[in-house]
file upload-v9.tsv (TSV, C-alpha atoms (C1' of nucleotides))
chain	number	residue	atom	x	y	z
A	62	MET	CA	0.00	0.00	0.00
A	63	THR	CA	2.14	2.83	1.31
A	64	GLU	CA	5.59	3.10	-0.20
A	65	SER	CA	8.47	3.18	2.21
A	66	PRO	CA	9.14	6.87	2.65
A	67	SER	CA	12.10	8.51	0.96
A	68	THR	CA	14.71	10.36	2.96
A	69	LYS	CA	13.14	13.60	1.85
A	70	GLU	CA	9.71	12.53	3.09
A	71	ARG	CA	11.18	11.38	6.37
A	72	LEU	CA	12.87	14.74	6.82
A	73	ILE	CA	9.57	16.54	6.31
A	74	ALA	CA	7.76	14.19	8.69
A	75	VAL	CA	10.28	14.50	11.50
A	76	ALA	CA	10.51	18.27	11.06
A	77	THR	CA	6.75	18.45	11.44
A	78	GLN	CA	6.87	16.33	14.55
A	79	LEU	CA	9.68	18.30	16.14
A	80	LEU	CA	7.85	21.55	15.37
A	81	ASP	CA	4.59	20.36	16.89
A	82	GLU	CA	6.28	18.99	19.98
A	83	GLY	CA	8.94	21.55	20.73
A	84	GLY	CA	8.19	24.69	18.78
A	85	PRO	CA	10.32	26.41	16.17
A	86	GLU	CA	13.47	26.48	18.27
A	87	ALA	CA	13.36	22.68	18.44
A	88	VAL	CA	13.56	22.44	14.67
A	89	THR	CA	17.24	22.67	13.82
A	90	LEU	CA	18.65	21.01	10.76
A	91	ARG	CA	20.92	19.14	13.14
A	92	SER	CA	18.10	17.76	15.27
A	93	VAL	CA	16.04	16.82	12.21
A	94	ALA	CA	18.94	14.94	10.64
A	95	HIS	CA	19.96	13.22	13.85
A	96	ALA	CA	16.38	12.11	14.52
A	97	ILE	CA	16.54	9.87	11.46
A	98	GLY	CA	20.14	8.84	12.00
A	99	LEU	CA	21.86	11.10	9.50
A	100	SER	CA	24.72	13.51	9.88
A	101	HIS	CA	24.02	17.14	10.64
A	102	ASN	CA	24.21	18.37	7.09
A	103	ALA	CA	22.53	15.58	5.18
A	104	PRO	CA	19.38	17.75	4.77
A	105	TYR	CA	21.29	19.95	2.34
A	106	LYS	CA	21.23	17.11	-0.18
A	107	HIS	CA	17.43	17.26	-0.19
A	108	PHE	CA	16.59	20.90	0.52
A	109	LYS	CA	18.33	24.07	-0.51
A	110	ASP	CA	18.29	25.38	3.03
A	111	LYS	CA	16.26	25.36	6.24
A	112	ARG	CA	13.63	27.65	4.79
A	113	ALA	CA	12.96	25.18	1.97
A	114	LEU	CA	12.42	22.35	4.44
A	115	LEU	CA	9.97	24.43	6.45
A	116	ALA	CA	8.18	25.44	3.26
A	117	ALA	CA	7.70	21.76	2.47
A	118	VAL	CA	6.23	21.19	5.94
A	119	ALA	CA	3.87	24.12	5.41
A	120	HIS	CA	2.89	22.89	1.97
A	121	MET	CA	1.77	19.51	3.26
A	122	SER	CA	-0.23	21.03	6.11
A	123	PHE	CA	-1.87	23.53	3.80
A	124	GLN	CA	-3.04	20.80	1.51
A	125	GLU	CA	-4.55	18.84	4.38
A	126	MET	CA	-6.36	21.90	5.69
A	127	GLY	CA	-7.69	22.82	2.28
A	128	ALA	CA	-8.94	19.30	1.71
A	129	ALA	CA	-10.71	19.28	5.07
A	130	PHE	CA	-12.48	22.54	4.28
A	131	LYS	CA	-13.64	21.38	0.89
A	132	LYS	CA	-14.95	18.20	2.45
A	133	ILE	CA	-17.00	20.25	4.91
A	134	ALA	CA	-18.33	22.43	2.11
A	135	GLN	CA	-19.60	19.35	0.29
A	136	LYS	CA	-21.03	17.49	3.27
A	137	GLU	CA	-22.92	20.18	5.13
A	138	THR	CA	-26.52	20.84	4.18
A	139	THR	CA	-26.55	24.66	4.18
A	140	PRO	CA	-23.90	27.31	3.52
A	141	SER	CA	-24.37	28.71	7.05
A	142	ARG	CA	-23.75	25.33	8.61
A	143	ALA	CA	-20.69	24.75	6.46
A	144	LEU	CA	-19.27	28.15	7.38
A	145	ARG	CA	-19.75	27.49	11.08
A	146	GLN	CA	-18.03	24.13	10.71
A	147	ILE	CA	-15.09	25.66	8.89
A	148	VAL	CA	-14.74	28.34	11.55
A	149	ALA	CA	-14.66	25.69	14.26
A	150	GLN	CA	-12.20	23.53	12.36
A	151	TYR	CA	-9.89	26.47	11.73
A	152	LEU	CA	-9.74	27.56	15.37
A	153	ASP	CA	-9.37	23.97	16.46
A	154	PHE	CA	-6.35	23.47	14.25
A	155	ALA	CA	-4.74	26.61	15.63
A	156	GLU	CA	-5.30	25.46	19.19
A	157	ARG	CA	-4.14	21.90	18.65
A	158	SER	CA	-1.10	22.68	16.52
A	159	PRO	CA	-0.05	26.15	17.58
A	160	HIS	CA	3.48	26.02	16.24
A	161	ARG	CA	2.43	24.61	12.91
A	162	TYR	CA	-0.31	27.22	12.71
A	163	ARG	CA	2.23	29.98	13.09
A	164	LEU	CA	4.40	28.47	10.41
A	165	LEU	CA	1.45	28.38	8.03
A	166	PHE	CA	-0.12	31.74	8.72
A	167	ASN	CA	2.49	33.84	10.39
A	168	ASP	CA	5.98	33.08	9.20
A	169	PRO	CA	7.04	35.88	6.85
A	170	GLU	CA	9.62	33.72	5.08
A	171	ILE	CA	6.98	31.15	4.18
A	172	GLY	CA	4.42	33.74	3.14
A	173	GLN	CA	6.66	35.44	0.63
A	174	GLY	CA	7.12	32.25	-1.33
A	175	ARG	CA	5.35	32.52	-4.62
A	176	GLY	CA	4.09	29.35	-6.18
A	177	GLU	CA	2.36	26.28	-4.84
A	178	LEU	CA	1.61	27.56	-1.37
A	179	GLU	CA	-0.10	30.63	-2.71
A	180	THR	CA	-2.12	28.62	-5.20
A	181	GLU	CA	-3.35	26.24	-2.53
A	182	ALA	CA	-4.29	29.06	-0.17
A	183	LEU	CA	-6.13	30.86	-2.92
A	184	ALA	CA	-8.14	27.76	-3.80
A	185	THR	CA	-9.28	27.42	-0.20
A	186	PHE	CA	-10.16	31.10	-0.07
A	187	GLU	CA	-12.25	30.75	-3.21
A	188	ALA	CA	-14.09	27.76	-1.77
A	189	VAL	CA	-15.29	29.98	1.07
A	190	VAL	CA	-16.24	32.74	-1.37
A	191	ARG	CA	-18.47	30.23	-3.17
A	192	LEU	CA	-20.09	29.25	0.12
A	193	ILE	CA	-20.92	32.85	0.90
A	194	LYS	CA	-22.28	33.44	-2.59
A	195	ALA	CA	-24.46	30.36	-2.19
A	196	GLY	CA	-25.70	31.71	1.14
A	197	GLN	CA	-26.56	35.02	-0.49
A	198	LYS	CA	-28.41	33.31	-3.31
A	199	GLU	CA	-30.49	31.32	-0.87
A	200	GLY	CA	-31.32	34.50	1.00
A	201	GLU	CA	-29.49	33.42	4.15
A	202	LEU	CA	-26.83	36.09	3.97
A	203	LYS	CA	-26.76	39.83	3.29
A	204	ARG	CA	-25.92	41.10	-0.17
A	205	GLY	CA	-22.46	42.49	-0.67
A	206	ASP	CA	-19.04	41.66	-2.06
A	207	ALA	CA	-18.54	37.99	-1.19
A	208	SER	CA	-14.77	38.26	-1.59
A	209	GLN	CA	-14.66	41.08	0.91
A	210	PHE	CA	-16.86	39.19	3.35
A	211	THR	CA	-14.53	36.21	3.02
A	212	ALA	CA	-11.50	38.40	3.58
A	213	LEU	CA	-13.09	39.89	6.67
A	214	LEU	CA	-13.94	36.46	8.03
A	215	TYR	CA	-10.44	35.19	7.26
A	216	GLY	CA	-8.85	38.19	8.89
A	217	SER	CA	-10.99	37.79	12.00
A	218	LEU	CA	-10.26	34.10	12.29
A	219	HIS	CA	-6.55	34.56	11.88
A	220	GLY	CA	-6.39	37.55	14.17
A	221	LEU	CA	-8.31	35.90	16.97
A	222	ALA	CA	-6.42	32.62	16.67
A	223	ASP	CA	-3.13	34.45	16.56
A	224	LEU	CA	-3.84	36.73	19.50
A	225	ARG	CA	-4.78	33.69	21.52
A	226	LEU	CA	-1.59	31.85	20.56
A	227	SER	CA	0.62	34.76	21.45
A	228	GLY	CA	-1.04	35.20	24.83
A	229	ARG	CA	-2.85	38.46	24.14
A	230	THR	CA	-6.35	37.36	25.03
A	231	ARG	CA	-5.97	36.44	28.63
A	232	SER	CA	-7.17	39.46	30.53
A	233	ALA	CA	-9.60	41.27	28.28
A	234	LYS	CA	-13.22	40.47	28.96
A	235	GLY	CA	-14.53	39.87	25.44
A	236	MET	CA	-11.54	37.77	24.47
A	237	ASP	CA	-11.92	34.71	26.58
A	238	ASN	CA	-13.92	32.19	24.58
A	239	ILE	CA	-12.58	33.30	21.22
A	240	GLY	CA	-14.74	30.74	19.46
A	241	VAL	CA	-18.01	32.64	19.71
A	242	LEU	CA	-16.69	35.79	18.09
A	243	PRO	CA	-16.58	34.59	14.48
A	244	LEU	CA	-20.10	33.27	15.01
A	245	ILE	CA	-21.14	36.79	15.96
A	246	LEU	CA	-19.62	37.98	12.72
A	247	LEU	CA	-21.54	35.33	10.79
A	248	ASP	CA	-24.71	36.50	12.55
A	249	LEU	CA	-24.01	40.07	11.49
A	250	LEU	CA	-23.78	38.81	7.92
A	251	LYS	CA	-27.21	37.22	8.11
A	252	LYS	CA	-30.04	38.93	6.41
B	159	MET	CA	14.33	70.31	29.00
B	160	THR	CA	15.16	66.76	28.04
B	161	GLU	CA	17.61	64.95	30.28
B	162	SER	CA	20.57	63.37	28.60
B	163	PRO	CA	19.51	59.76	28.10
B	164	SER	CA	20.86	57.05	30.34
B	165	THR	CA	22.68	54.06	28.90
B	166	LYS	CA	19.54	52.03	29.43
B	167	GLU	CA	17.43	54.51	27.49
B	168	ARG	CA	19.98	54.64	24.72
B	169	LEU	CA	19.93	50.85	24.46
B	170	ILE	CA	16.15	50.87	24.09
B	171	ALA	CA	16.27	53.65	21.51
B	172	VAL	CA	18.92	52.02	19.36
B	173	ALA	CA	17.23	48.61	19.60
B	174	THR	CA	14.02	50.21	18.36
B	175	GLN	CA	15.85	51.84	15.49
B	176	LEU	CA	17.67	48.66	14.47
B	177	LEU	CA	14.40	46.72	14.61
B	178	ASP	CA	12.54	49.22	12.45
B	179	GLU	CA	15.33	49.44	9.91
B	180	GLY	CA	16.55	45.88	9.65
B	181	GLY	CA	13.97	43.58	11.18
B	182	PRO	CA	14.37	41.23	14.13
B	183	GLU	CA	17.49	39.56	12.80
B	184	ALA	CA	19.25	42.91	12.84
B	185	VAL	CA	18.67	43.29	16.57
B	186	THR	CA	21.49	41.37	18.22
B	187	LEU	CA	22.78	42.36	21.61
B	188	ARG	CA	26.14	42.77	19.95
B	189	SER	CA	24.88	45.22	17.31
B	190	VAL	CA	22.88	47.18	19.85
B	191	ALA	CA	25.87	47.56	22.16
B	192	HIS	CA	28.29	48.41	19.38
B	193	ALA	CA	25.94	51.04	17.97
B	194	ILE	CA	26.44	53.12	21.10
B	195	GLY	CA	30.10	52.27	21.47
B	196	LEU	CA	29.89	49.63	24.17
B	197	SER	CA	31.29	46.13	24.32
B	198	HIS	CA	29.15	43.23	23.22
B	199	ASN	CA	27.90	42.26	26.63
B	200	ALA	CA	27.36	45.63	28.24
B	201	PRO	CA	23.55	45.25	27.80
B	202	TYR	CA	23.58	42.56	30.47
B	203	LYS	CA	24.29	45.22	33.06
B	204	HIS	CA	20.99	46.90	32.20
B	205	PHE	CA	18.73	44.05	31.09
B	206	LYS	CA	18.47	40.51	32.31
B	207	ASP	CA	18.61	39.16	28.77
B	208	LYS	CA	17.65	39.95	25.19
B	209	ARG	CA	13.99	39.26	25.87
B	210	ALA	CA	13.94	41.92	28.59
B	211	LEU	CA	15.40	44.51	26.23
B	212	LEU	CA	12.78	43.74	23.60
B	213	ALA	CA	10.06	43.88	26.23
B	214	ALA	CA	11.21	47.38	27.10
B	215	VAL	CA	11.03	48.37	23.42
B	216	ALA	CA	7.52	46.96	23.23
B	217	HIS	CA	6.48	48.71	26.42
B	218	MET	CA	7.42	52.13	25.09
B	219	SER	CA	5.66	51.57	21.77
B	220	PHE	CA	2.55	50.29	23.50
B	221	GLN	CA	2.32	53.38	25.63
B	222	GLU	CA	2.63	55.64	22.60
B	223	MET	CA	-0.05	53.74	20.73
B	224	GLY	CA	-2.41	53.75	23.69
B	225	ALA	CA	-1.91	57.48	24.17
B	226	ALA	CA	-2.65	58.14	20.50
B	227	PHE	CA	-5.88	56.16	20.68
B	228	LYS	CA	-7.07	57.94	23.78
B	229	LYS	CA	-6.33	61.27	22.16
B	230	ILE	CA	-8.48	60.29	19.17
B	231	ALA	CA	-11.29	59.17	21.46
B	232	GLN	CA	-11.31	62.59	23.11
B	233	LYS	CA	-10.96	64.71	20.01
B	234	GLU	CA	-13.43	63.14	17.62
B	235	THR	CA	-17.00	64.32	17.69
B	236	THR	CA	-18.84	61.01	17.46
B	237	PRO	CA	-18.01	57.44	18.54
B	238	SER	CA	-18.25	56.23	14.94
B	239	ARG	CA	-15.80	58.81	13.74
B	240	ALA	CA	-13.41	57.99	16.56
B	241	LEU	CA	-13.60	54.27	15.79
B	242	ARG	CA	-12.85	54.86	12.12
B	243	GLN	CA	-9.90	57.03	13.07
B	244	ILE	CA	-8.54	54.37	15.42
B	245	VAL	CA	-8.89	51.71	12.75
B	246	ALA	CA	-6.95	53.85	10.28
B	247	GLN	CA	-4.27	54.67	12.83
B	248	TYR	CA	-3.83	51.03	13.79
B	249	LEU	CA	-3.41	49.80	10.24
B	250	ASP	CA	-1.14	52.71	9.47
B	251	PHE	CA	1.17	51.84	12.33
B	252	ALA	CA	1.36	48.23	11.18
B	253	GLU	CA	2.25	49.31	7.67
B	254	ARG	CA	4.79	51.93	8.64
B	255	SER	CA	6.53	49.91	11.37
B	256	PRO	CA	6.01	46.28	10.38
B	257	HIS	CA	8.78	44.81	12.51
B	258	ARG	CA	7.78	46.75	15.58
B	259	TYR	CA	4.16	45.77	14.99
B	260	ARG	CA	5.11	42.13	15.04
B	261	LEU	CA	7.06	42.56	18.23
B	262	LEU	CA	4.05	44.19	19.87
B	263	PHE	CA	1.27	41.93	18.64
B	264	ASN	CA	2.88	38.76	17.51
B	265	ASP	CA	5.94	37.84	19.50
B	266	PRO	CA	4.97	35.04	21.88
B	267	GLU	CA	7.79	35.80	24.31
B	268	ILE	CA	6.57	39.37	24.73
B	269	GLY	CA	2.92	38.39	25.01
B	270	GLN	CA	3.46	35.98	27.85
B	271	GLY	CA	4.92	38.68	30.06
B	272	ARG	CA	2.53	39.47	32.83
B	273	GLY	CA	2.62	42.97	34.23
B	274	GLU	CA	2.90	46.40	32.70
B	275	LEU	CA	2.44	45.41	29.09
B	276	GLU	CA	-0.78	43.61	29.82
B	277	THR	CA	-2.10	46.48	31.91
B	278	GLU	CA	-1.41	48.99	29.16
B	279	ALA	CA	-3.02	46.80	26.48
B	280	LEU	CA	-6.05	46.25	28.65
B	281	ALA	CA	-6.49	49.98	29.23
B	282	THR	CA	-6.48	50.62	25.48
B	283	PHE	CA	-8.95	47.79	24.93
B	284	GLU	CA	-11.27	49.27	27.53
B	285	ALA	CA	-11.08	52.69	25.88
B	286	VAL	CA	-12.51	51.13	22.72
B	287	VAL	CA	-15.18	49.31	24.73
B	288	ARG	CA	-16.29	52.68	26.12
B	289	LEU	CA	-16.45	54.12	22.60
B	290	ILE	CA	-18.70	51.31	21.46
B	291	LYS	CA	-20.92	51.64	24.50
B	292	ALA	CA	-21.22	55.35	23.80
B	293	GLY	CA	-22.17	54.58	20.21
B	294	GLN	CA	-24.84	52.19	21.41
B	295	LYS	CA	-26.23	54.74	23.84
B	296	GLU	CA	-26.50	57.34	21.10
B	297	GLY	CA	-28.30	54.82	18.91
B	298	GLU	CA	-25.52	54.72	16.31
B	299	LEU	CA	-24.56	51.09	16.93
B	300	LYS	CA	-26.42	47.83	17.39
B	301	ARG	CA	-27.11	46.53	20.87
B	302	GLY	CA	-24.96	43.67	22.07
B	303	ASP	CA	-21.95	42.87	24.24
B	304	ALA	CA	-19.59	45.80	23.72
B	305	SER	CA	-16.61	43.79	24.95
B	306	GLN	CA	-17.29	41.11	22.37
B	307	PHE	CA	-17.70	43.68	19.61
B	308	THR	CA	-14.38	45.20	20.64
B	309	ALA	CA	-12.72	41.80	20.65
B	310	LEU	CA	-14.08	41.08	17.19
B	311	LEU	CA	-12.86	44.41	15.89
B	312	TYR	CA	-9.48	43.92	17.51
B	313	GLY	CA	-9.17	40.41	16.11
B	314	SER	CA	-10.09	41.59	12.63
B	315	LEU	CA	-7.65	44.48	12.73
B	316	HIS	CA	-4.80	42.35	13.95
B	317	GLY	CA	-5.56	39.51	11.57
B	318	LEU	CA	-5.77	41.70	8.51
B	319	ALA	CA	-2.68	43.70	9.42
B	320	ASP	CA	-0.79	40.53	10.19
B	321	LEU	CA	-1.80	38.71	7.02
B	322	ARG	CA	-0.69	41.70	5.02
B	323	LEU	CA	2.67	41.87	6.79
B	324	SER	CA	3.36	38.21	6.25
B	325	GLY	CA	2.51	38.41	2.58
B	326	ARG	CA	-0.73	36.44	2.63
B	327	THR	CA	-2.98	39.03	1.04
B	328	ARG	CA	-1.39	39.47	-2.32
B	329	SER	CA	-3.41	37.26	-4.61
B	330	ALA	CA	-6.87	36.94	-3.09
B	331	LYS	CA	-9.40	39.31	-4.53
B	332	GLY	CA	-11.03	40.64	-1.36
B	333	MET	CA	-7.70	41.16	0.36
B	334	ASP	CA	-6.10	43.92	-1.57
B	335	ASN	CA	-7.06	47.19	0.04
B	336	ILE	CA	-7.21	45.77	3.54
B	337	GLY	CA	-8.23	49.14	4.94
B	338	VAL	CA	-11.86	49.02	3.84
B	339	LEU	CA	-12.61	45.69	5.52
B	340	PRO	CA	-12.76	46.92	9.13
B	341	LEU	CA	-15.01	49.73	7.90
B	342	ILE	CA	-17.35	47.07	6.54
B	343	LEU	CA	-17.36	45.50	9.97
B	344	LEU	CA	-18.17	48.85	11.56
B	345	ASP	CA	-20.99	49.22	9.06
B	346	LEU	CA	-22.35	45.82	10.03
B	347	LEU	CA	-22.36	47.03	13.63
B	348	LYS	CA	-24.49	50.05	12.76
B	349	LYS	CA	-28.08	49.99	13.67
C	163	DA	C1'	28.21	50.42	39.61
C	164	DC	C1'	29.76	49.79	35.00
C	165	DC	C1'	32.47	47.91	31.43
C	166	DT	C1'	35.89	44.62	28.96
C	167	DG	C1'	37.77	40.34	27.01
C	168	DA	C1'	37.96	35.48	26.84
C	169	DA	C1'	35.38	31.52	26.63
C	170	DC	C1'	31.36	28.16	25.89
C	171	DA	C1'	27.55	25.96	23.62
C	172	DC	C1'	24.77	26.16	19.74
C	173	DC	C1'	23.30	27.53	15.22
C	174	DG	C1'	23.14	27.55	9.63
C	175	DT	C1'	26.03	26.90	6.01
C	176	DT	C1'	30.12	25.55	3.02
C	177	DC	C1'	33.49	22.42	1.33
C	178	DA	C1'	36.54	18.65	0.51
C	179	DA	C1'	36.42	13.97	0.83
C	180	DG	C1'	34.64	9.36	0.98
C	181	DT	C1'	31.22	5.22	-0.98
D	38	DA	C1'	23.63	10.32	-5.94
D	39	DC	C1'	24.15	10.40	-1.03
D	40	DC	C1'	26.52	10.95	3.15
D	41	DT	C1'	30.39	12.36	6.54
D	42	DG	C1'	33.58	15.33	9.15
D	43	DA	C1'	36.00	19.52	9.65
D	44	DA	C1'	35.65	24.24	9.50
D	45	DC	C1'	33.64	29.14	9.48
D	46	DA	C1'	30.96	33.01	10.93
D	47	DC	C1'	27.62	34.38	14.04
D	48	DC	C1'	24.65	34.14	18.01
D	49	DG	C1'	23.22	34.54	23.40
D	50	DT	C1'	25.14	33.96	27.60
D	51	DT	C1'	28.55	33.38	31.55
D	52	DC	C1'	32.48	34.63	34.16
D	53	DA	C1'	36.68	36.52	35.89
D	54	DA	C1'	38.91	40.67	35.83
D	55	DG	C1'	39.66	45.58	35.57
D	56	DT	C1'	38.23	50.95	36.98
call {"tool": "encode", "arguments": {"input": "upload-v9.tsv", "output": "C-alpha cells"}}
result
Amino acid sequence: MTESPSTKERLIAVATQLLDEGGPEAVTLRSVAHAIGLSHNAPYKHFKDKRALLAAVAHMSFQEMGAAFKKIAQKETTPSRALRQIVAQYLDFAERSPHRYRLLFNDPEIGQGRGELETEALATFEAVVRLIKAGQKEGELKRGDASQFTALLYGSLHGLADLRLSGRTRSAKGMDNIGVLPLILLDLLKK
Amino acid sequence: MTESPSTKERLIAVATQLLDEGGPEAVTLRSVAHAIGLSHNAPYKHFKDKRALLAAVAHMSFQEMGAAFKKIAQKETTPSRALRQIVAQYLDFAERSPHRYRLLFNDPEIGQGRGELETEALATFEAVVRLIKAGQKEGELKRGDASQFTALLYGSLHGLADLRLSGRTRSAKGMDNIGVLPLILLDLLKK
DNA sequence: ACCTGAACACCGTTCAAGT
DNA sequence: ACCTGAACACCGTTCAAGT
C-alpha cells in the first residue's frame, strides 16, 4: 500500500513532529537529521536550506487543511452550517497545533514564497467565497461583495487565533472564549 | 528640558531603530551595544537578557499607541468617527513599522509577560469598549456585548494587518485594500 | 556600579572527501 | 547520488577581571 518513505519525506515528517512537539526552536537542521540517523548536514542534499524544508512542511499542512475545508463544504446541508463548521475547524487546528499554525499563517519567510503555497491558499479562499455566494443566493446572507466578506472572516479568524496563541487574550473580557466571536460575525452577515 | 539619556534609554532607543530598519534579525545584543560604542555584553548590566530589552522596546511603543488612541477618542465628535480614526491609525502603524508591529502583537515571548504590558493593552482595549458603548447609547450602533464587539474588531484588525505583513494578502481578490474591511465590519455594527 | 575580554555551547552553512 | 567530518561566521550567555 504505502511506499516506504524517501529520505526527503522522512525529513519533512520528522521536522513536522519536532515543530509540533517543541516549537520552532526545536527544529534545527541538526536535530532533524539526527532524529533519522543522518549527519548534521545531510538535509542539504534534499533541501536548498532550512527555509525550503519548512516550506515543504507548510505545503503539506496547507493541503490537508484545504482538503478538510472542501470536504465540509460538500457534506454540510446549508452554507451557514458549512461556514460554522469551517470556523470551528480552523480555530481547532490553531489550538491543537499552535506552532504549525504559526508556520502556516504567520511566518514571513513562508508567506513570501510565490508558487504552490499561494495557489493552494487561494483555492481554499475561493471555496469559502463560493459558500458565501451560495448563502446570499439562498437569501441566508446579506448582499455584498462575497470576496470582501470572506477576507473579513479570514482576517478575523486569523487575528483571533493568533492573538490567543501569542497570549494576548488572557485578561480582556470579550476575548476569553474566542470561538463565539466569528459566530457573531456570521450573525451580522445574516439577512 | 530633556535629560541626557541614560545608557539604558539609549539601548532601548537604538534597539528600536535597528528593529525598524533591519527587522528582528538585525537586533542582536552585539549590534545594539556596538551602535552606542559599548562592548558586546554591556547590555547585560541593564537588562536581564535579550527578551527583557525587547520587552522594554515593546512597552514604550505600547504606551505611545495607547496614548494616540485615547487622544483620538477625546478629540473626535462622534463614537463612529473615533472608531474609524482608530482603525486607520492602527493599520497605518502596522504598515509603517512592520517589525515593531510584530514585536508588539505577535511575539509570543513578549505576550506571555505578565505585568505592565498587559495592563497597558487592557487599558487601550477598555477605551474602545467605552467608545462602542457610547455609540450604542446614542443609537448609532447595534445593541450587544460591547466587549465582544471590541474583541471582534481587535481580532479583525490584527488579523488583517498581520496577514498583510506576512505576505498572505497578495493574490486573493477581497484582500487587496485591507483598509476598507474593518469599515465594513463597523458598518455591520451600525443599527 | 559599569564595562571589557575570553570563553562556551549552539546555530546555519560551506566544502573537501569518501562510498 | 548520497553521506560524513571539519571548518567558518555568528549568536546569546557566563564569568573573571579591571576601573
call {"tool": "atom_distance", "arguments": {"input": "upload-v9.tsv", "atom1": "CA of Ser65 (chain A)", "atom2": "CA of Ile97 (chain A)"}}
result
14.0 Å
call {"tool": "interface_residues", "arguments": {"input": "upload-v9.tsv", "of": "chain D", "to": "chain A", "cutoff": "9 Å", "atoms": "only C-alpha atoms (C1' of nucleotides)", "output": "mmCIF file with C-alpha atoms (C1' of nucleotides), in the coordinates of the input"}}
result
data_model
loop_
_atom_site.group_PDB
_atom_site.id
_atom_site.type_symbol
_atom_site.label_atom_id
_atom_site.label_comp_id
_atom_site.auth_asym_id
_atom_site.auth_seq_id
_atom_site.Cartn_x
_atom_site.Cartn_y
_atom_site.Cartn_z
ATOM 1 C "C1'" DC D 39 24.150 10.400 -1.030
ATOM 2 C "C1'" DC D 40 26.520 10.950 3.150
ATOM 3 C "C1'" DT D 41 30.390 12.360 6.540
#
call {"tool": "closest_atom_pairs", "arguments": {"input": "upload-v9.tsv", "of": "chain B", "to": "chain A", "cutoff": "7 Å", "atoms": "only C-alpha atoms", "output": "JSON lines"}}
result
{"residue": "B:Asn264", "atom": "CA", "partner": "A:Ser227", "partner_atom": "CA", "distance": 6.1}
{"residue": "B:Asp265", "atom": "CA", "partner": "A:Ser227", "partner_atom": "CA", "distance": 6.4}
{"residue": "B:Pro266", "atom": "CA", "partner": "A:Ser227", "partner_atom": "CA", "distance": 4.4}
{"residue": "B:Gly269", "atom": "CA", "partner": "A:Gly228", "partner_atom": "CA", "distance": 5.1}
{"residue": "B:Gln270", "atom": "CA", "partner": "A:Gly228", "partner_atom": "CA", "distance": 5.5}
{"residue": "B:Leu280", "atom": "CA", "partner": "A:Ala233", "partner_atom": "CA", "distance": 6.1}
{"residue": "B:Ser305", "atom": "CA", "partner": "A:Gly235", "partner_atom": "CA", "distance": 4.5}
{"residue": "B:Gln306", "atom": "CA", "partner": "A:Gly235", "partner_atom": "CA", "distance": 4.3}
{"residue": "B:Ala309", "atom": "CA", "partner": "A:Gly235", "partner_atom": "CA", "distance": 5.5}
{"residue": "B:Leu310", "atom": "CA", "partner": "A:Leu242", "partner_atom": "CA", "distance": 6.0}
{"residue": "B:Gly313", "atom": "CA", "partner": "A:Gly220", "partner_atom": "CA", "distance": 4.4}
{"residue": "B:Ser314", "atom": "CA", "partner": "A:Ser217", "partner_atom": "CA", "distance": 4.0}
{"residue": "B:His316", "atom": "CA", "partner": "A:Gly220", "partner_atom": "CA", "distance": 5.1}
{"residue": "B:Gly317", "atom": "CA", "partner": "A:Gly220", "partner_atom": "CA", "distance": 3.4}
{"residue": "B:Leu318", "atom": "CA", "partner": "A:Gly216", "partner_atom": "CA", "distance": 4.7}
{"residue": "B:Ser324", "atom": "CA", "partner": "A:Pro169", "partner_atom": "CA", "distance": 4.4}
{"residue": "B:Gly325", "atom": "CA", "partner": "A:Gly172", "partner_atom": "CA", "distance": 5.1}
{"residue": "B:Arg326", "atom": "CA", "partner": "A:Gly172", "partner_atom": "CA", "distance": 5.8}
{"residue": "B:Ala330", "atom": "CA", "partner": "A:Leu183", "partner_atom": "CA", "distance": 6.1}
{"residue": "B:Lys331", "atom": "CA", "partner": "A:Ser208", "partner_atom": "CA", "distance": 6.2}
{"residue": "B:Gly332", "atom": "CA", "partner": "A:Gln209", "partner_atom": "CA", "distance": 4.3}
{"residue": "B:Met333", "atom": "CA", "partner": "A:Ala212", "partner_atom": "CA", "distance": 5.7}
{"residue": "B:Leu339", "atom": "CA", "partner": "A:Leu213", "partner_atom": "CA", "distance": 5.9}
{"residue": "B:Leu346", "atom": "CA", "partner": "A:Leu249", "partner_atom": "CA", "distance": 6.2}
call {"tool": "atom_distance", "arguments": {"input": "upload-v9.tsv", "atom1": "CA of Arg161 (chain A)", "atom2": "CA of Asp81 (chain A)"}}
result
6.2 Å
call {"tool": "residues_near_point", "arguments": {"input": "upload-v9.tsv", "point": "(23.8, 27.4, 13.7)", "cutoff": "9 Å", "atoms": "all atoms listed in the file", "output": "number ranges by chain"}}
result
A: 89-91; C: 172-175; D: 47-48
